[in-house]
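So this one's my_file23.csv, CSV, C-alpha atoms:
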```
chain,number,residue,atom,x,y,z
A,1066,ILE,CA,-53.6,-9.0,10.0
A,1067,SER,CA,-54.4,-11.4,12.8
A,1068,SER,CA,-52.7,-11.0,16.2
A,1069,SER,CA,-51.3,-14.6,15.8
A,1070,THR,CA,-49.7,-13.6,12.5
A,1071,THR,CA,-48.3,-10.5,14.0
A,1072,THR,CA,-46.9,-12.4,17.0
A,1073,THR,CA,-45.3,-15.0,14.7
A,1074,THR,CA,-43.7,-12.2,12.6
A,1075,ILE,CA,-42.2,-10.6,15.6
A,1076,LYS,CA,-40.8,-13.9,17.0
A,1077,THR,CA,-39.3,-14.7,13.6
A,1078,SER,CA,-37.7,-11.3,13.4
A,1079,LEU,CA,-36.3,-11.6,16.9
A,1080,ASN,CA,-35.0,-15.1,16.3
A,1081,ALA,CA,-33.4,-14.0,13.1
A,1082,GLU,CA,-31.4,-11.3,15.0
A,1083,ILE,CA,-30.5,-13.8,17.8
A,1084,PHE,CA,-28.9,-16.1,15.3
A,1085,GLU,CA,-27.1,-13.4,13.2
A,1086,THR,CA,-23.4,-14.1,12.8
A,1087,PRO,CA,-20.8,-11.7,14.4
A,1088,ARG,CA,-19.9,-10.6,10.8
A,1089,THR,CA,-23.5,-9.7,10.0
A,1090,LEU,CA,-23.8,-7.7,13.3
A,1091,VAL,CA,-20.5,-5.8,12.5
A,1092,ASN,CA,-21.8,-5.1,9.0
A,1093,LYS,CA,-25.0,-3.7,10.4
A,1094,GLY,CA,-23.1,-1.6,12.9
A,1095,MET,CA,-21.0,-0.2,10.0
A,1096,GLN,CA,-24.1,0.6,8.0
A,1097,SER,CA,-25.8,2.3,11.0
A,1098,PHE,CA,-22.7,4.4,11.3
A,1099,ARG,CA,-22.8,5.3,7.7
A,1100,ASN,CA,-26.4,6.3,8.2
A,1101,TYR,CA,-25.2,8.8,11.0
A,1102,ASP,CA,-26.7,6.6,13.7
A,1103,VAL,CA,-23.7,6.2,16.0
A,1104,PRO,CA,-25.5,4.9,19.1
A,1105,THR,CA,-27.1,2.0,17.0
A,1106,SER,CA,-23.7,1.2,15.5
A,1107,LEU,CA,-22.2,0.8,18.9
A,1108,ALA,CA,-25.1,-1.5,20.0
A,1109,TYR,CA,-24.5,-3.8,17.0
A,1110,PHE,CA,-20.7,-3.9,17.6
A,1111,ASP,CA,-21.4,-4.8,21.3
A,1112,LYS,CA,-23.8,-7.6,20.1
A,1113,ALA,CA,-21.1,-8.9,17.8
A,1114,ASP,CA,-18.6,-8.9,20.6
A,1115,ALA,CA,-21.1,-10.7,23.0
A,1116,ALA,CA,-21.7,-13.3,20.3
A,1117,LEU,CA,-18.2,-14.7,20.9
A,1118,PRO,CA,-18.0,-15.0,24.7
A,1119,ASP,CA,-14.4,-16.1,24.5
A,1120,GLY,CA,-13.5,-12.5,23.6
A,1121,SER,CA,-11.8,-13.5,20.4
A,1122,LEU,CA,-13.5,-10.7,18.3
A,1123,LYS,CA,-12.8,-7.9,20.8
A,1124,PRO,CA,-9.3,-6.9,19.5
A,1125,TYR,CA,-10.7,-6.6,16.0
A,1126,LEU,CA,-13.5,-4.2,16.6
A,1127,TRP,CA,-11.7,-1.0,15.6
A,1128,GLN,CA,-15.0,0.3,14.3
A,1129,ARG,CA,-16.3,0.3,17.8
A,1130,GLY,CA,-13.4,2.4,18.9
A,1131,ILE,CA,-14.4,5.0,16.4
A,1132,SER,CA,-18.1,4.9,17.6
A,1133,TYR,CA,-16.8,5.4,21.1
A,1134,TYR,CA,-14.9,8.5,20.0
A,1135,TYR,CA,-18.0,10.1,18.4
A,1136,LEU,CA,-20.1,9.3,21.5
A,1137,ASP,CA,-17.5,11.1,23.7
A,1138,ARG,CA,-16.6,7.8,25.4
A,1139,PHE,CA,-12.9,8.4,25.1
A,1140,GLU,CA,-11.6,6.1,27.8
A,1141,GLU,CA,-13.5,3.1,26.3
A,1142,GLY,CA,-12.3,4.2,22.8
A,1143,SER,CA,-8.7,4.2,24.0
A,1144,ASP,CA,-9.1,0.8,25.6
A,1145,GLN,CA,-10.5,-0.6,22.3
A,1146,PHE,CA,-7.7,0.8,20.1
A,1147,ARG,CA,-5.1,-0.5,22.5
A,1148,LEU,CA,-6.6,-4.0,22.2
A,1149,ASP,CA,-6.5,-3.5,18.4
A,1150,VAL,CA,-2.8,-2.6,18.4
A,1151,SER,CA,-2.1,-5.7,20.5
A,1152,VAL,CA,-3.0,-7.9,17.4
A,1153,ASN,CA,-2.2,-5.3,14.7
A,1154,PRO,CA,0.9,-3.4,15.9
A,1155,LEU,CA,1.7,-1.9,12.5
A,1156,ASP,CA,-1.5,-0.1,11.9
A,1157,VAL,CA,-0.8,3.6,12.4
A,1158,GLU,CA,-4.5,4.5,12.4
A,1159,GLU,CA,-5.1,2.5,15.6
A,1160,ILE,CA,-2.3,4.4,17.3
A,1161,VAL,CA,-3.5,7.8,16.1
A,1162,TRP,CA,-7.1,7.2,17.2
A,1163,ASP,CA,-5.8,6.2,20.6
A,1164,ILE,CA,-3.9,9.5,20.8
A,1165,ALA,CA,-7.0,11.4,19.8
A,1166,CYS,CA,-9.0,9.6,22.6
A,1167,LEU,CA,-6.3,10.3,25.2
A,1168,ALA,CA,-6.2,14.0,24.2
A,1169,ARG,CA,-10.0,14.3,24.4
A,1170,MET,CA,-10.1,12.5,27.8
A,1171,ASN,CA,-8.4,15.7,29.0
A,1172,ASP,CA,-11.1,17.8,27.4
A,1173,GLY,CA,-8.9,18.6,24.4
A,1174,ALA,CA,-5.2,19.4,24.5
A,1175,SER,CA,-3.4,22.7,24.0
A,1176,SER,CA,-0.2,22.8,22.0
A,1177,ASN,CA,1.7,22.5,25.3
A,1178,GLU,CA,-0.1,19.4,26.4
A,1179,PHE,CA,0.0,17.5,23.1
A,1180,PRO,CA,0.8,14.7,22.4
A,1181,PRO,CA,-0.3,12.8,25.4
A,1182,GLU,CA,2.4,11.0,27.5
A,1183,ARG,CA,0.8,7.6,27.3
A,1184,ARG,CA,0.8,7.5,23.5
A,1185,MET,CA,1.7,4.2,21.8
A,1186,ALA,CA,4.4,3.6,19.2
A,1187,LEU,CA,5.1,1.3,16.4
A,1188,PRO,CA,7.6,-1.5,17.0
A,1189,GLU,CA,11.2,-0.2,16.6
A,1190,GLY,CA,12.3,-0.2,13.0
A,1191,ARG,CA,8.8,-1.0,11.7
A,1192,LYS,CA,6.3,1.1,9.8
A,1193,ASP,CA,2.9,1.1,8.3
A,1194,ARG,CA,3.0,0.0,4.6
A,1195,ARG,CA,1.0,3.1,3.5
A,1196,ARG,CA,3.3,6.0,2.7
A,1197,ILE,CA,1.0,8.8,3.9
A,1198,MET,CA,0.7,7.1,7.3
A,1199,GLY,CA,4.3,7.7,8.1
A,1200,THR,CA,3.7,11.4,8.1
A,1201,VAL,CA,0.4,11.1,10.0
A,1202,TYR,CA,2.1,9.0,12.6
A,1203,SER,CA,5.0,11.5,13.1
A,1204,LEU,CA,2.6,14.4,13.4
A,1205,PHE,CA,0.4,12.8,16.0
A,1206,ARG,CA,3.3,11.4,17.9
A,1207,GLY,CA,5.2,14.7,17.9
A,1208,ASP,CA,8.1,13.1,16.3
A,1209,GLY,CA,9.1,16.0,14.0
A,1210,MET,CA,6.5,16.3,11.3
A,1211,MET,CA,4.4,19.4,11.3
A,1212,GLU,CA,0.9,20.3,9.9
A,1213,TYR,CA,2.5,21.7,6.8
A,1214,ASP,CA,4.3,18.4,6.1
A,1215,LEU,CA,1.1,16.4,6.1
A,1216,ARG,CA,-0.6,18.9,3.9
A,1217,LYS,CA,2.2,18.7,1.4
A,1218,ALA,CA,2.4,14.9,1.5
A,1219,GLY,CA,-1.3,14.8,0.7
A,1220,HIS,CA,-1.0,17.3,-2.1
A,1221,ASP,CA,2.0,15.5,-3.7
A,1222,GLY,CA,0.3,12.1,-3.4
A,1223,ASN,CA,-2.7,10.4,-5.1
A,1224,ILE,CA,-6.3,11.1,-4.3
A,1225,SER,CA,-6.3,8.6,-1.4
A,1226,ASP,CA,-3.2,10.3,0.1
A,1227,GLU,CA,-5.0,13.7,-0.3
A,1228,PHE,CA,-8.1,12.4,1.6
A,1229,TYR,CA,-6.2,10.8,4.4
A,1230,SER,CA,-4.0,13.9,4.9
A,1231,LEU,CA,-7.1,16.1,5.1
A,1232,PHE,CA,-9.0,13.7,7.4
A,1233,TYR,CA,-6.2,13.3,9.9
A,1234,LEU,CA,-5.3,17.0,9.8
A,1235,GLY,CA,-9.0,17.6,10.7
A,1236,LEU,CA,-8.8,15.1,13.6
A,1237,TYR,CA,-5.4,16.5,14.7
A,1238,CYS,CA,-6.7,20.1,14.9
A,1239,GLU,CA,-9.9,19.0,16.7
A,1240,VAL,CA,-8.1,17.3,19.5
A,1241,ARG,CA,-5.9,20.4,19.8
A,1242,ASN,CA,-9.0,22.6,20.1
A,1243,GLU,CA,-8.3,24.3,16.8
A,1244,THR,CA,-11.9,24.0,15.7
A,1245,SER,CA,-11.9,26.4,12.8
A,1246,LYS,CA,-9.0,24.6,11.1
A,1247,ALA,CA,-10.5,21.2,12.0
A,1248,GLU,CA,-13.7,22.2,10.2
A,1249,THR,CA,-11.9,23.4,7.1
A,1250,TYR,CA,-9.8,20.2,6.8
A,1251,MET,CA,-12.7,17.8,7.6
A,1252,ARG,CA,-15.1,19.4,5.2
A,1253,ALA,CA,-12.4,19.2,2.5
A,1254,ALA,CA,-11.9,15.5,3.3
A,1255,ALA,CA,-15.6,14.7,3.1
A,1256,ASN,CA,-15.9,16.5,-0.2
A,1257,SER,CA,-12.7,15.3,-1.7
A,1258,ALA,CA,-12.4,13.4,-5.0
A,1259,TYR,CA,-11.6,10.2,-3.1
A,1260,ALA,CA,-14.5,10.4,-0.6
A,1261,THR,CA,-17.0,11.2,-3.3
A,1262,GLY,CA,-15.6,8.9,-6.0
A,1263,ASN,CA,-13.6,5.7,-5.9
A,1264,GLY,CA,-13.2,5.8,-2.2
A,1265,ALA,CA,-16.8,6.4,-1.3
A,1266,GLY,CA,-17.0,2.9,0.1
A,1267,ASP,CA,-14.1,3.4,2.4
A,1268,TYR,CA,-15.3,3.4,6.0
A,1269,MET,CA,-13.1,6.4,6.7
A,1270,SER,CA,-14.9,8.4,3.9
A,1271,ALA,CA,-18.1,7.7,5.8
A,1272,CYS,CA,-16.3,8.8,9.0
A,1273,ALA,CA,-15.4,12.2,7.5
A,1274,LYS,CA,-19.0,12.7,6.6
A,1275,VAL,CA,-20.3,11.6,10.0
A,1276,HIS,CA,-17.7,13.8,11.7
A,1277,CYS,CA,-19.0,16.9,9.7
A,1278,LYS,CA,-22.7,16.0,10.4
A,1279,LEU,CA,-22.2,15.5,14.1
A,1280,ARG,CA,-20.2,18.8,14.4
A,1281,GLY,CA,-22.8,20.7,12.4
A,1282,TRP,CA,-20.3,21.4,9.6
A,1283,VAL,CA,-22.7,20.6,6.8
```
Please render this file's structure as structure tokens.
Amino acid sequence: ISSSTTTTTIKTSLNAEIFETPRTLVNKGMQSFRNYDVPTSLAYFDKADAALPDGSLKPYLWQRGISYYYLDRFEEGSDQFRLDVSVNPLDVEEIVWDIACLARMNDGASSNEFPPERRMALPEGRKDRRRIMGTVYSLFRGDGMMEYDLRKAGHDGNISDEFYSLFYLGLYCEVRNETSKAETYMRAAANSAYATGNGAGDYMSACAKVHCKLRGWV
């Protein structure tokens, strides 16, 4: 292959990336995350954000918040999730991930320190449309639900409810420094009927698998 051909190929490749749409860049970031390459996922999400200098994409990059969490950049993760909630105030998961980031900013939280004081809340009288998320929300917010309640809600629901209960129980235990229980729950989530079946394409199914891989639980 001639040097001129190689140079042309490189330039074409670089130009193609320069003109990629924000949607394409976000999709590449998500795929990198699914491939357990969290630093590259963050780089793509940052490129997508920079592609719209007016900042209009920034509040919708919840995937970047998750990458921040797994890179131990908890303050930036919290900032991202709080932006997300500003445009999507009824999504419990954004609030829960922010609580997780706040807790980890303090190097984990004991039962006496959890939940963090600066936790966000749903608008008064409103709720996430997903039934299981009401229990997840109450558990992370410290509003009355206990670990047992979320386990039961997942057990009594469909396979999606089961997965989400296991996943968020794993995250809940991790941020409370209950590592052994966190591993048990997260491994169960990653190997659940939902994550290995009809829900395999769900980004959170990938998140459970990435979580286990990064923590050495596989």
Item to complete: Write out as a list in words the residues lying within 8 Å of A:Ala1165, counting only C-alpha atoms and excluding same-chain residues fewer than 4 positions away.
Response: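 Result of the neighbour search: Val1161, Arg1169, Leu1236, Tyr1237 and Val1240 of chain A.
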Restrict the selected residues to C-alpha atoms and save them as a compact mmCIF listing (two decimals), keeping the file's coordinate frame.
```
# COMPACT_ATOMS: atom_id res chain seq x y z
CA VAL A 1161 -3.50 7.80 16.10
CA ARG A 1169 -10.00 14.30 24.40
CA LEU A 1236 -8.80 15.10 13.60
CA TYR A 1237 -5.40 16.50 14.70
CA VAL A 1240 -8.10 17.30 19.50
```
Item to complete: Choose the residue, out of A:Glu1227, A:Tyr1268, A:Glu1212, A:Asp1149, that has the smallest atom-to-atom separation from A:Asn1092; count all atoms listed in the file.
Response: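 Looking only at the distances to A:Asn1092, the closest residue turns out to be A:Tyr1268.
Selection around (-23.4, -1.5, 17.8) with radius 9 Å, counting only C-alpha atoms, yields the residues Leu1090, Val1091, Lys1093, Gly1094, Met1095, Ser1097, Phe1098, Val1103, Pro1104, Thr1105, Ser1106, Leu1107, Ala1108, Tyr1109, Phe1110, Asp1111, Lys1112, Ala1113, Arg1129 and Ser1132 of chain A.
Omitting A:Leu1279 and its sequence neighbours fewer than 6 positions away, and counting all atoms listed in the file, the residues within 12 Å are A:Phe1098, A:Asn1100, A:Tyr1101, A:Asp1102, A:Val1103, A:Ser1132, A:Tyr1134, A:Tyr1135, A:Leu1136, A:Asp1137, A:Glu1248, A:Met1251, A:Cys1272, A:Ala1273.
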Worksheet entry | A:Val1157 environment, 7 Å, only C-alpha atoms, sequence neighbours closer than 6 positions dropped, as a PyMOL selection string | chain A and resi 1193+1198+1202
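Picture a line from atom CA of A:Phe1205 to atom CA of A:Phe1179; it runs 8.5 Å.
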Worksheet entry | Distance of atom CA of A:Ile1224 from atom CA of A:Ala1247, expressed in Å to one decimal place |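 Atom-to-atom, atom CA of A:Ala1247 to atom CA of A:Ile1224, that is 19.6 Å.
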Fill in: Among listed residues A:Thr1200, A:Asn1256, A:Ser1270, A:Asn1263, nearest A:Leu1234 (using only C-alpha atoms)
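Using only C-alpha atoms, the shortest distance to A:Leu1234 belongs to A:Thr1200.
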Discussion item. Residues near A:Arg1196, anyone? I mean within 12 Å using all atoms listed in the file, not counting same-chain ones fewer than 2 positions away, as a PyMOL selection string.
Written reply: chain A and resi 1157+1192-1194+1198-1203+1215+1218-1219+1221-1223+1225-1227+1229-1230
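In this model, the gap between atom CA of A:Pro1124 and atom CA of A:Asn1153 comes to 8.7 Å.
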Discussion item. Calculated over all atoms listed in the file, which of the candidates A:Pro1180, A:Trp1162, A:Tyr1233, A:Tyr1125 has the smallest distance to A:Gly1142?
Written reply: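 Comparing A:Pro1180, A:Trp1162, A:Tyr1233, A:Tyr1125 against A:Gly1142, the winner is A:Trp1162.
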